[in-house]
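Note: the block below is model-v2.txt and it holds compact mmCIF, C-alpha atoms.
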```txt
# COMPACT_ATOMS: atom_id res chain seq x y z
CA MET A 1273 71.74 94.18 -60.32
CA VAL A 1274 70.39 91.96 -63.09
CA THR A 1275 71.60 88.39 -62.97
CA HIS A 1276 72.09 86.31 -66.06
CA GLY A 1277 72.78 82.69 -66.74
CA PHE A 1278 72.65 79.62 -68.89
CA ARG A 1279 71.72 76.24 -67.51
CA ARG A 1280 72.21 72.89 -69.05
CA GLY A 1281 72.00 69.24 -68.18
CA GLY A 1282 75.04 67.62 -66.66
CA SER A 1283 76.65 67.20 -63.30
CA GLY A 1284 78.18 69.97 -61.31
CA GLY A 1285 78.94 73.42 -62.65
CA HIS A 1286 81.49 76.21 -62.78
CA SER A 1287 81.65 79.73 -64.00
CA GLY A 1288 84.32 78.95 -66.58
CA GLY A 1289 84.93 82.62 -67.24
CA HIS A 1290 81.37 83.22 -68.39
CA GLY A 1291 80.26 85.50 -65.58
CA GLY A 1292 76.91 84.27 -64.31
CA PHE A 1293 76.48 81.53 -66.91
CA ARG A 1294 76.08 78.14 -65.36
CA ARG A 1295 77.85 75.43 -67.33
CA PRO A 1296 77.30 72.02 -65.65
CA PHE A 1297 78.92 69.84 -67.41
CA SER A 1298 98.76 74.21 -99.98
CA ARG A 1299 97.88 73.66 -102.59
CA SER A 1300 98.46 70.16 -103.93
CA ARG A 1301 100.27 67.28 -102.23
CA SER A 1302 101.38 63.92 -103.38
CA TYR A 1303 100.42 60.96 -101.21
CA SER A 1304 102.06 57.58 -101.24
CA ARG A 1305 99.67 54.80 -102.21
CA PRO A 1306 100.14 51.05 -102.55
CA PRO A 1307 100.71 49.78 -106.08
CA GLY A 1308 98.11 47.96 -108.08
CA GLY A 1309 95.15 50.06 -106.93
CA ALA A 1310 91.69 49.11 -108.06
CA GLY A 1311 90.09 50.73 -111.06
CA ARG A 1312 87.90 53.79 -110.74
CA ARG A 1313 84.64 51.82 -110.96
CA ASN A 1314 85.55 49.19 -108.36
CA PHE A 1315 83.36 50.85 -105.73
CA ARG A 1316 80.73 48.46 -104.44
CA SER A 1317 79.95 49.63 -100.90
CA VAL A 1318 77.89 52.65 -101.86
CA SER A 1319 76.62 53.94 -105.17
CA ILE A 1320 78.81 57.04 -105.32
CA ASP A 1321 81.19 57.43 -108.24
CA PRO A 1322 84.73 57.81 -106.79
CA SER A 1323 85.31 60.69 -109.20
CA LYS A 1324 83.10 62.77 -106.90
CA PHE A 1325 85.80 62.44 -104.24
CA VAL A 1326 88.42 64.05 -106.49
CA ASN A 1327 88.38 67.81 -106.76
CA LYS A 1328 91.44 70.04 -106.48
CA ALA A 1329 91.08 73.20 -104.45
CA VAL A 1330 90.41 76.24 -106.59
CA ILE A 1331 93.27 78.73 -106.38
CA THR A 1332 92.64 82.13 -107.93
CA GLU A 1333 94.42 85.45 -107.86
CA GLU A 1334 91.22 87.32 -107.11
CA VAL A 1335 88.46 85.77 -105.05
CA GLU A 1336 84.96 87.02 -105.75
CA ARG A 1337 83.77 88.56 -102.49
CA PHE A 1338 80.23 88.70 -101.22
CA ILE A 1339 79.16 92.28 -100.54
CA PRO A 1340 76.54 92.32 -97.77
CA GLU A 1341 73.66 94.76 -97.80
CA HIS A 1342 74.02 95.30 -94.06
CA SER A 1343 76.58 95.39 -91.28
CA PHE A 1344 75.75 93.97 -87.87
CA GLN A 1345 75.53 97.52 -86.56
CA ASP A 1346 72.76 98.23 -89.10
CA PHE A 1347 70.35 95.64 -87.73
CA ALA A 1348 67.56 96.95 -85.50
CA VAL A 1349 68.53 94.97 -82.41
CA ASP A 1350 69.22 95.82 -78.78
CA GLU A 1351 72.41 97.89 -78.39
CA ARG A 1352 73.76 95.56 -75.69
CA LEU A 1353 73.38 92.66 -78.08
CA LYS A 1354 75.16 94.65 -80.80
CA ASN A 1355 78.06 95.19 -78.41
CA ASN A 1356 78.32 91.47 -77.71
CA VAL A 1357 78.23 90.71 -81.44
CA GLN A 1358 81.01 93.24 -81.98
CA THR A 1359 83.03 91.76 -79.11
CA LYS A 1360 82.93 88.39 -80.91
CA GLY A 1361 84.56 90.13 -83.86
CA TYR A 1362 81.53 90.04 -86.14
CA VAL A 1363 81.48 92.98 -88.56
CA ASP A 1364 80.02 91.93 -91.91
CA PRO A 1365 77.27 89.30 -92.04
CA THR A 1366 77.63 86.13 -94.09
CA PRO A 1367 75.11 85.70 -96.92
CA ILE A 1368 72.65 83.63 -94.84
CA GLN A 1369 72.89 86.16 -91.99
CA ASP A 1370 72.54 89.16 -94.29
CA LYS A 1371 69.43 87.77 -95.98
CA SER A 1372 67.72 86.06 -93.01
CA ILE A 1373 68.06 88.46 -90.07
CA PRO A 1374 65.81 91.26 -91.45
CA HIS A 1375 62.99 88.78 -92.19
CA ILE A 1376 63.28 87.09 -88.78
CA LEU A 1377 63.19 90.49 -87.06
CA ARG A 1378 59.93 91.21 -88.94
CA GLY A 1379 58.43 87.97 -87.62
CA SER A 1380 58.30 86.11 -90.94
CA ASP A 1381 58.62 82.35 -91.13
CA VAL A 1382 61.91 81.58 -92.85
CA VAL A 1383 63.31 78.60 -94.74
CA GLY A 1384 67.09 78.91 -94.97
CA ILE A 1385 69.03 76.62 -97.30
CA ALA A 1386 72.75 77.06 -96.75
CA ASN A 1387 75.98 75.09 -96.80
CA THR A 1388 77.47 73.87 -93.57
CA GLY A 1389 79.77 76.38 -91.89
CA THR A 1390 78.06 79.47 -93.32
CA GLY A 1391 77.03 81.04 -90.02
CA LYS A 1392 73.36 80.09 -89.85
CA THR A 1393 73.47 79.76 -86.04
CA ALA A 1394 74.06 83.49 -85.64
CA ALA A 1395 71.49 84.10 -88.39
CA PHE A 1396 68.71 82.93 -86.10
CA LEU A 1397 70.19 83.56 -82.64
CA ILE A 1398 70.79 87.31 -83.03
CA PRO A 1399 67.23 88.25 -84.04
CA LEU A 1400 65.68 85.80 -81.57
CA ILE A 1401 67.72 87.12 -78.64
CA HIS A 1402 66.45 90.58 -79.55
CA LYS A 1403 62.92 89.19 -79.64
CA VAL A 1404 63.32 87.70 -76.15
CA LEU A 1405 64.70 91.00 -74.82
CA THR A 1406 61.87 93.09 -76.24
CA GLN A 1407 58.82 90.83 -75.86
CA LYS A 1408 57.77 89.77 -72.39
CA ARG A 1409 57.37 86.05 -71.75
CA GLU A 1410 58.72 85.20 -75.20
CA LYS A 1411 60.26 81.69 -75.27
CA VAL A 1412 62.23 80.00 -78.05
CA LEU A 1413 62.54 76.26 -78.70
CA ILE A 1414 65.49 75.13 -80.84
CA ILE A 1415 65.44 71.51 -82.06
CA VAL A 1416 68.66 69.98 -83.41
CA PRO A 1417 69.69 66.43 -84.41
CA THR A 1418 72.73 65.91 -82.16
CA ARG A 1419 74.17 66.76 -78.75
CA GLU A 1420 77.23 68.24 -80.42
CA LEU A 1421 75.19 70.73 -82.43
CA ALA A 1422 73.14 71.65 -79.34
CA LEU A 1423 76.35 72.44 -77.46
CA GLN A 1424 77.74 74.40 -80.40
CA ILE A 1425 74.60 76.57 -80.43
CA GLU A 1426 74.80 76.98 -76.67
CA LYS A 1427 78.37 78.21 -76.98
CA GLU A 1428 77.29 80.89 -79.46
CA LEU A 1429 74.34 81.85 -77.28
CA VAL A 1430 76.49 82.20 -74.17
CA ASP A 1431 78.68 84.73 -75.98
CA PHE A 1432 75.80 86.69 -77.46
CA VAL A 1433 73.84 87.06 -74.19
CA ARG A 1434 76.76 87.88 -71.93
CA GLY A 1435 75.54 90.40 -69.35
CA LEU A 1436 71.92 90.20 -70.55
CA PRO A 1437 68.86 88.92 -68.63
CA VAL A 1438 68.56 85.81 -70.77
CA TRP A 1439 68.49 82.23 -69.50
CA GLY A 1440 68.42 78.91 -71.28
CA VAL A 1441 68.46 75.16 -70.82
CA VAL A 1442 70.14 72.51 -72.98
CA CYS A 1443 68.12 69.28 -73.07
CA VAL A 1444 69.87 66.40 -74.80
CA GLY A 1445 70.05 62.65 -74.43
CA GLY A 1446 73.01 60.69 -73.16
CA VAL A 1447 73.23 62.65 -69.89
CA GLY A 1448 71.22 62.57 -66.67
CA ILE A 1449 67.78 64.08 -67.01
CA GLY A 1450 67.70 65.38 -63.41
CA PRO A 1451 69.65 68.62 -63.97
CA GLN A 1452 67.56 69.33 -67.06
CA LEU A 1453 64.35 68.93 -65.05
CA SER A 1454 65.76 71.36 -62.48
CA GLY A 1455 66.77 73.84 -65.18
CA LEU A 1456 63.30 73.79 -66.72
CA ARG A 1457 61.74 74.61 -63.35
CA ARG A 1458 63.77 77.83 -63.23
CA GLN A 1459 63.36 80.87 -65.41
CA HIS A 1460 64.44 80.35 -69.03
CA SER A 1461 63.90 81.94 -72.43
CA PHE A 1462 65.67 79.40 -74.66
CA VAL A 1463 65.48 75.61 -74.73
CA ILE A 1464 67.92 73.83 -77.07
CA GLY A 1465 67.30 70.13 -77.39
CA THR A 1466 67.33 66.92 -79.37
CA PRO A 1467 63.96 65.46 -80.44
CA GLY A 1468 63.99 62.31 -78.31
CA ARG A 1469 64.90 64.05 -75.07
CA LEU A 1470 62.40 66.86 -75.70
CA LYS A 1471 59.63 64.29 -76.22
CA ASP A 1472 60.64 62.58 -72.97
CA LEU A 1473 60.48 65.87 -71.07
CA ILE A 1474 57.08 66.69 -72.57
CA GLU A 1475 55.71 63.30 -71.52
CA ARG A 1476 57.01 63.93 -67.99
CA LYS A 1477 55.09 67.24 -67.99
CA ALA A 1478 58.39 69.08 -67.46
CA LEU A 1479 58.23 70.92 -70.79
CA ASP A 1480 55.10 72.52 -72.23
CA PRO A 1481 55.44 73.32 -75.96
CA SER A 1482 52.33 75.49 -75.82
CA GLN A 1483 54.41 78.06 -73.92
CA PHE A 1484 56.77 78.51 -76.90
CA ALA A 1485 55.63 80.82 -79.68
CA THR A 1486 58.92 80.53 -81.61
CA ILE A 1487 60.65 77.39 -82.86
CA VAL A 1488 63.85 76.74 -84.82
CA LEU A 1489 64.34 73.44 -86.66
CA ASP A 1490 68.07 73.38 -87.38
CA GLU A 1491 69.64 70.87 -89.78
CA ALA A 1492 66.19 69.50 -90.51
CA ASP A 1493 67.55 67.27 -93.28
CA ARG A 1494 69.78 65.51 -90.77
CA MET A 1495 66.85 65.02 -88.36
CA LEU A 1496 64.90 63.49 -91.23
CA ASP A 1497 67.81 61.16 -92.05
CA MET A 1498 68.08 60.10 -88.41
CA GLY A 1499 64.39 59.17 -88.18
CA PHE A 1500 63.29 62.03 -85.93
CA VAL A 1501 60.41 63.20 -88.13
CA ASN A 1502 57.70 61.73 -85.86
CA ASP A 1503 59.24 63.32 -82.76
CA MET A 1504 59.42 66.65 -84.61
CA ARG A 1505 55.75 66.37 -85.57
CA TYR A 1506 54.84 65.43 -81.98
CA VAL A 1507 56.45 68.59 -80.58
CA MET A 1508 55.09 70.88 -83.30
CA LYS A 1509 51.53 69.58 -82.82
CA LEU A 1510 51.60 70.73 -79.18
CA MET A 1511 52.79 74.24 -80.00
CA PRO A 1512 50.47 77.22 -80.57
CA GLU A 1513 48.92 77.27 -84.03
CA LYS A 1514 50.06 80.87 -84.37
CA ARG A 1515 53.80 80.62 -84.07
CA HIS A 1516 57.06 81.87 -85.58
CA THR A 1517 58.89 79.01 -87.32
CA LEU A 1518 62.43 79.01 -88.68
CA PHE A 1519 63.63 76.05 -90.72
CA PHE A 1520 67.26 75.52 -91.70
CA SER A 1521 68.63 72.77 -93.90
CA ALA A 1522 71.65 72.10 -96.08
CA THR A 1523 69.56 70.30 -98.70
CA LEU A 1524 66.09 70.66 -100.21
CA SER A 1525 64.65 67.23 -101.00
CA PRO A 1526 60.97 66.38 -101.71
CA GLU A 1527 60.72 65.10 -98.12
CA ILE A 1528 62.10 68.36 -96.74
CA ASP A 1529 59.74 70.35 -98.95
CA MET A 1530 56.83 68.37 -97.52
CA LEU A 1531 57.91 69.23 -93.97
CA ILE A 1532 58.14 72.89 -94.94
CA LYS A 1533 54.56 72.83 -96.23
CA ASP A 1534 53.36 71.10 -93.04
CA PHE A 1535 55.26 73.23 -90.53
CA LEU A 1536 55.45 76.76 -91.98
CA LYS A 1537 53.00 79.37 -93.22
CA GLU A 1538 53.93 81.45 -96.27
CA PRO A 1539 57.65 81.31 -95.43
CA VAL A 1540 60.32 83.49 -96.94
CA ARG A 1541 62.68 81.12 -98.75
CA ILE A 1542 66.34 82.06 -98.67
CA SER A 1543 68.92 79.95 -100.46
CA VAL A 1544 72.58 80.87 -100.39
CA LYS A 1545 73.82 77.37 -101.20
CA THR A 1546 76.33 77.86 -103.97
CA ARG A 1547 78.08 74.52 -104.38
CA ASP A 1548 78.14 71.18 -102.61
CA THR A 1549 81.71 71.31 -101.36
CA ALA A 1550 83.85 74.28 -100.43
CA LYS A 1551 86.20 75.38 -103.19
CA GLY A 1552 89.05 75.57 -100.70
CA ILE A 1553 89.05 71.82 -99.99
CA ASP A 1554 91.48 69.73 -102.01
CA GLN A 1555 89.81 66.33 -102.48
CA ASP A 1556 91.43 63.09 -103.57
CA VAL A 1557 91.17 59.31 -103.22
CA ILE A 1558 93.59 56.83 -101.70
CA ARG A 1559 93.38 53.54 -103.57
CA ILE A 1560 93.87 50.31 -101.63
CA SER A 1561 94.73 47.08 -103.44
CA HIS A 1562 93.70 44.88 -100.49
CA PRO A 1563 91.89 45.55 -97.18
CA SER A 1564 94.88 44.15 -95.25
CA LYS A 1565 96.97 47.13 -96.41
CA LYS A 1566 94.46 49.76 -95.34
CA LEU A 1567 95.72 50.46 -91.82
CA ASP A 1568 99.38 50.54 -92.87
CA THR A 1569 98.50 52.99 -95.64
CA LEU A 1570 96.71 55.20 -93.13
CA GLU A 1571 99.70 55.13 -90.81
CA GLY A 1572 101.98 56.12 -93.70
CA LEU A 1573 99.76 59.11 -94.46
CA LEU A 1574 99.57 60.27 -90.86
CA ARG A 1575 103.35 60.26 -90.54
CA GLN A 1576 103.79 62.59 -93.51
CA PRO A 1577 104.42 66.30 -92.84
CA GLY A 1578 101.35 68.50 -92.66
CA PHE A 1579 98.91 66.02 -91.10
CA ASP A 1580 98.73 68.19 -88.01
CA LYS A 1581 95.08 67.99 -87.02
CA VAL A 1582 93.11 65.15 -88.59
CA ILE A 1583 89.53 63.88 -88.34
CA ILE A 1584 89.12 60.29 -89.54
CA PHE A 1585 85.58 59.10 -90.27
CA GLY A 1586 84.49 55.49 -89.88
CA ARG A 1587 81.06 54.00 -90.39
CA THR A 1588 80.45 52.00 -87.20
CA LYS A 1589 80.89 52.73 -83.51
CA HIS A 1590 82.84 49.51 -82.99
CA GLY A 1591 85.09 50.16 -85.98
CA VAL A 1592 85.85 53.73 -84.86
CA GLU A 1593 86.78 52.61 -81.36
CA LYS A 1594 88.97 49.79 -82.70
CA LEU A 1595 90.76 52.11 -85.15
CA SER A 1596 91.40 54.69 -82.43
CA ARG A 1597 93.02 52.06 -80.20
CA GLU A 1598 95.11 50.72 -83.10
CA LEU A 1599 96.46 54.22 -83.80
CA VAL A 1600 97.32 54.75 -80.14
CA MET A 1601 99.17 51.42 -80.13
CA ARG A 1602 101.16 52.66 -83.14
CA GLY A 1603 102.28 55.73 -81.25
CA PHE A 1604 99.73 58.35 -82.34
CA LYS A 1605 97.84 60.66 -80.01
CA ALA A 1606 94.24 59.86 -80.88
CA GLU A 1607 90.76 60.05 -79.36
CA SER A 1608 87.42 58.69 -80.54
CA ILE A 1609 83.87 59.98 -80.57
CA HIS A 1610 80.81 57.83 -81.27
CA GLY A 1611 77.37 56.99 -79.94
CA ASN A 1612 78.53 54.38 -77.43
CA LYS A 1613 80.56 56.95 -75.51
CA ASN A 1614 78.74 58.86 -72.82
CA HIS A 1615 78.39 62.62 -72.96
CA ASN A 1616 81.30 63.46 -70.67
CA LYS A 1617 83.74 61.21 -72.53
CA ARG A 1618 82.70 62.64 -75.88
CA GLN A 1619 83.17 66.18 -74.63
CA LYS A 1620 86.56 65.30 -73.15
CA ALA A 1621 87.70 63.81 -76.48
CA LEU A 1622 86.53 66.90 -78.37
CA ASP A 1623 88.24 69.20 -75.89
CA PHE A 1624 91.56 67.34 -76.23
CA PHE A 1625 91.32 67.60 -80.02
CA LYS A 1626 90.34 71.27 -80.03
CA ARG A 1627 93.25 72.15 -77.72
CA ASP A 1628 95.74 70.13 -79.81
CA HIS A 1629 96.43 67.64 -77.02
CA VAL A 1630 95.77 64.91 -79.59
CA GLN A 1631 96.53 64.91 -83.31
CA ILE A 1632 93.69 62.65 -84.44
CA LEU A 1633 89.96 62.41 -83.78
CA VAL A 1634 88.35 59.20 -85.05
CA ALA A 1635 84.60 59.60 -85.39
CA THR A 1636 81.36 58.27 -86.74
CA ASP A 1637 79.01 60.60 -88.59
CA VAL A 1638 77.94 62.00 -85.22
CA ALA A 1639 80.79 64.48 -85.80
CA ALA A 1640 79.95 65.26 -89.41
CA ARG A 1641 77.69 68.16 -88.52
CA GLY A 1642 77.60 70.82 -85.87
CA LEU A 1643 81.30 70.76 -85.00
CA ASP A 1644 83.19 73.95 -85.68
CA ILE A 1645 86.82 73.14 -84.88
CA ALA A 1646 89.52 75.49 -86.08
CA ASN A 1647 92.53 74.48 -88.16
CA VAL A 1648 91.58 70.91 -89.09
CA SER A 1649 94.23 70.14 -91.71
CA HIS A 1650 92.74 66.91 -93.08
CA VAL A 1651 89.55 64.89 -93.15
CA ILE A 1652 90.07 61.23 -94.01
CA ASN A 1653 87.16 59.00 -94.99
CA TYR A 1654 88.59 55.69 -93.78
CA ASP A 1655 85.17 54.10 -94.43
CA LEU A 1656 82.97 55.29 -97.26
CA PRO A 1657 80.05 57.56 -96.36
CA ALA A 1658 76.54 56.20 -96.81
CA THR A 1659 75.52 59.06 -99.11
CA TYR A 1660 77.18 61.87 -101.01
CA ASP A 1661 75.43 64.35 -98.71
CA ASP A 1662 77.17 62.67 -95.75
CA TYR A 1663 80.45 63.07 -97.62
CA VAL A 1664 79.83 66.79 -98.09
CA HIS A 1665 79.20 67.27 -94.39
CA ARG A 1666 82.18 65.16 -93.35
CA ILE A 1667 84.70 67.08 -95.40
CA GLY A 1668 83.13 70.37 -94.35
CA ARG A 1669 85.02 69.97 -91.05
CA THR A 1670 88.17 71.17 -92.84
CA GLY A 1671 88.74 74.22 -95.01
CA ARG A 1672 86.76 76.42 -92.62
CA GLY A 1673 87.11 80.14 -92.06
CA GLY A 1674 88.60 80.76 -95.49
CA LYS A 1675 91.51 78.36 -94.90
CA LYS A 1676 92.55 75.54 -97.21
CA GLY A 1677 91.76 71.97 -96.29
CA ILE A 1678 92.42 68.49 -97.62
CA ALA A 1679 89.94 65.59 -97.80
CA LEU A 1680 91.04 62.05 -98.63
CA THR A 1681 88.78 59.06 -99.23
CA PHE A 1682 89.90 55.42 -99.08
CA VAL A 1683 88.69 53.41 -102.08
CA GLU A 1684 89.33 49.69 -102.55
```

Would you write the structure of this file as C-alpha cells?
Amino acid sequence: MVTHGFRRGGSGGHSGGHGGFRRPFSRSRSYSRPPGGAGRRNFRSVSIDPSKFVNKAVITEEVERFIPEHSFQDFAVDERLKNNVQTKGYVDPTPIQDKSIPHILRGSDVVGIANTGTGKTAAFLIPLIHKVLTQKREKVLIIVPTRELALQIEKELVDFVRGLPVWGVVCVGGVGIGPQLSGLRRQHSFVIGTPGRLKDLIERKALDPSQFATIVLDEADRMLDMGFVNDMRYVMKLMPEKRHTLFFSATLSPEIDMLIKDFLKEPVRISVKTRDTAKGIDQDVIRISHPSKKLDTLEGLLRQPGFDKVIIFGRTKHGVEKLSRELVMRGFKAESIHGNKNHNKRQKALDFFKRDHVQILVATDVAARGLDIANVSHVINYDLPATYDDYVHRIGRTGRGGKKGIALTFVE
C-alpha cells in the first residue's frame, strides 16, 4: 500500500479527515454618517484620491462569460489527479488556469499577471503535481510572502494530492523550527515557505536549493513590497542554473519587470488582469468630521442589518489589537490578526471567523492577501491603506466567488 502525507511545522498533529496527511499544527445601501463631513480633498494621510474608494457594483442583466479553451479533464495530467480535481468541484478553468497550465506542462517558464482571487494557486499546483508524479526525484520550491498564503496553498495541495504518493513541508516563520527540520529530513516533493525562514533553513544546511529544479514565486509584488528581494535572490542563486521558474504577481511594475529578467529565461507572459477591483464590489467612503467620532460611527455601521461577516483593516499591530478589544467591550464578537500574534493564535482567530463563531476580524495588511474566506459581507478600511494596490487587495477579501461584496473606507 502506498502511503501519502503532508508535513508542516507546528506542534503535534492529527489526521483531521485528510487520510494520511499530517497536519501539525445588494445592490446599494445607505449608511448613516456624521454630519459636517470633510470635503473630498481633505485626505492627507496618503496620496490617494478618495474618489478611487467610490465605485458602485456593476449590475447587468447579462454578464459576459469567459469561455475556456479547455476543461480540467482535457489537460494531460495523471488520471488520479484529475479525479481529485473533479472531487473539488472544478470543471471549467479560470482564465489564468486555462492559459497557464498548458505552458507549465510543457516546461516553459511562465509569468502570470492576474487579479487576486482568480485561481492562480491551482494554475501552478495542478501541472506541478503531475510533474512530481511523472518525473523521479522532482522537487518543487514555492516561495510566498506570508504564513497565511503558505497555509492557503497547503490546503489546496492537500486536496489535490489526496491518495497520491506526494509529500510536502510548510516552512514559515513565527512557529518552532524543530518540526520543520524533522519534516525536511523525511521524504518530500514540495516545500512551501516564506523567504526569511527558507534562508534560515538553508544556512542551517537543512534545505539545499540545488536539489530543486522547479520554483514558484507567488505574489512576487508583495514580497518586493515587504523587502524580501534579497532573500529571494539568495535562494535563487543557490538553485540549478537550468530550472523551471514560475512567477505570479498581481501587478507589473518596473521593479517586478527587472526581477522577471533576472530570474526567468524567455518566459511565456500571461496577463488576465482585467480591472483593478472586482465589478461585484460596491465601494463607498464613510466621512468622519472628527477622529473622536470614528469608533462610534463604526459601531453604528456594525449594528446595521447585513453586516454579517466583516473584515476591518487597520494600519498598525497595536491599533488593530486595541480596536478589537474595544469592539468586544461594546458587545461584538471579534478577533484580531496581526504580526505580534503567534502562529497558533492567528490560526485560531481565522478559524473562528471562517466558522462564523465571530462576526468581525480586525486585521493588519497581513490578511490582505492569501486569505480565501467565503461569504465576507463587508470590508471596512478603518485606517487608510498605504497604497492603492494595498486597497485593491484588502477589498478583494469580499465579493469572491461571483458574490456581491461591499467595501467602505473611513475618510476624515

Among listed residues A:Met1504, A:Val1638, A:Ile1376, A:Met1495, nearest A:His1610 (using all atoms listed in the file):
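Of A:Met1504, A:Val1638, A:Ile1376, A:Met1495, the one nearest A:His1610, counting all atoms listed in the file, is A:Val1638.
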
Quick one, how far is atom CA of A:Val1433 from atom CA of A:Ile1401?
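Separating atom CA of A:Val1433 from atom CA of A:Ile1401 is a distance of 7.6 Å.
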
Residue neighbourhood stretch 1483-1485 of chain A, 6 Å, only C-alpha atoms, exclusion window fewer than 6 positions, as a list in words
Lys1411, Val1412 and Arg1515 of chain A

Could you make a table, as JSON lines, of the residues of stretch 1508-1608 of chain A that have an atom within 10 Å of an atom of stretch 1612-1620 of chain A, each with its nearest atom pair and distance in Å to one decimal, counting only C-alpha atoms, in chain and number order?
```
{"residue": "A:Lys1589", "atom": "CA", "partner": "A:Asn1612", "partner_atom": "CA", "distance": 6.7}
{"residue": "A:His1590", "atom": "CA", "partner": "A:Asn1612", "partner_atom": "CA", "distance": 8.6}
{"residue": "A:Glu1593", "atom": "CA", "partner": "A:Asn1612", "partner_atom": "CA", "distance": 9.3}
{"residue": "A:Glu1607", "atom": "CA", "partner": "A:Lys1620", "partner_atom": "CA", "distance": 9.2}
{"residue": "A:Ser1608", "atom": "CA", "partner": "A:Arg1618", "partner_atom": "CA", "distance": 7.7}
```

Using atom CA of A:Leu1680 and atom CA of A:Asn1653 as the two end points, give the distance in Å to one decimal.
6.1 Å

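Minimum distance to A:Ile1652 across A:Gln1555, A:Ser1461, A:Ser1482, A:Gln1631 (counting only C-alpha atoms) occurs at A:Gln1555.
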